[in-house]
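S.K.: Here it is: the structure, laid out below.
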Amino acid sequence: MESVTPHRIYNVLFLCTGNSARSIIAEAILNKTAPARFHAYSAGAQPKGQVNPHALDMLGRLGYDTSQFRSKAWDEFAKPNAPPLDFVITVCDNAAGEMCPVWPGQPMTAHWGLPDPAAVQGTPTEIALAFAETYRMLDTRIAVFANLKVSGLDRLSLQQHMKDIAKLP
């Protein structure tokens, strides 16, 4: 008789330079979308030290508990006691070109570059629209990612799927 392996939860780290908006939004979406399959984290190369208030406001209005979000450095996830990472996904152009720590376990990596809503200047409506568009793009990509049959794919196929997800609008 074949033994059944218990369902595995994959750890995903979303990276952005400041860890104040895009990576936080991605962490929130994945943790809400697929908590039985994934546990998401976020971090940055040069964390701002606080989460962008527009990101927190938008997530709060969408029903997310924002009390646990914090802006943190990515080196927290390269330490020996850090959760083992299965995926590391950059969500901004700056973080893609930066020298990342060496991640134990050689996680699958991908770059899903998105415009920075925190850089938008304008009316409160224009800023809110920028954050809403970032949310929409991340929600679309994460929905596809969360539905991948990760355990049934070889590493090369999975890498191609991760690249294809980055092309979604």
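Residues are named by chain letter and number: chains run A, B, ... in the order of the structure tokens, numbers start at 1 in each chain, and ligands are numbered from 1 in the order shown.
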Would you list the contacts of segment 118-129 of chain A as a ChimeraX atom specification, taking every protein, DNA or RNA residue within 12 Å and counting only C-alpha atoms, but skipping same-chain residues closer than 4 positions in sequence?
M.R.: /A:16-23,25,48,51-59,61,92,114,133-136
S.K.: Could you find all residues in chain A that DSSP calls strand (DSSP E) from the backbone, and write them as a PyMOL selection string?
M.R.: chain A and resi 10-16+38-44+87-90+108-111
S.K.: Considering only C-alpha atoms, state which residue in the set A:Ile165, A:Ile29, A:Leu85, A:Ala45 is at the smallest distance from Gly63 of chain A.
M.R.: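 Smallest distance to Gly63 of chain A is found for A:Ile29.
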S.K.: One number please: atom CA of Tyr41 of chain A to atom CA of Glu27 of chain A, in Å, one decimal.
M.R.: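 Separation of atom CA of Tyr41 of chain A and atom CA of Glu27 of chain A: 5.5 Å.
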S.K.: Report the distance between atom CA of Gly105 of chain A and atom CA of Asp86 of chain A in Å, rounded to one decimal place.
M.R.: 7.7 Å
S.K.: To one decimal place in Å, what is the distance between atom CA of Leu148 of chain A and atom CA of Pro84 of chain A?
M.R.: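 Computing the Euclidean distance for atom CA of Leu148 of chain A and atom CA of Pro84 of chain A yields 19.7 Å.
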S.K.: Show me, as JSON, numbers by chain, the residues that have an atom within 8 Å of Ile9 of chain A when counting only C-alpha atoms, minus same-chain residues fewer than 2 positions from it.
M.R.: {"A": [7, 11, 36, 37, 38, 39]}
S.K.: Run DSSP on the backbone and tell me which residues of chain A come out as helix (DSSP H, G or I); list them as a VMD selection string.
M.R.: chain A and resid 22 to 33 53 to 61 74 to 77 93 to 97 117 to 119 124 to 146 150 to 152 155 to 166
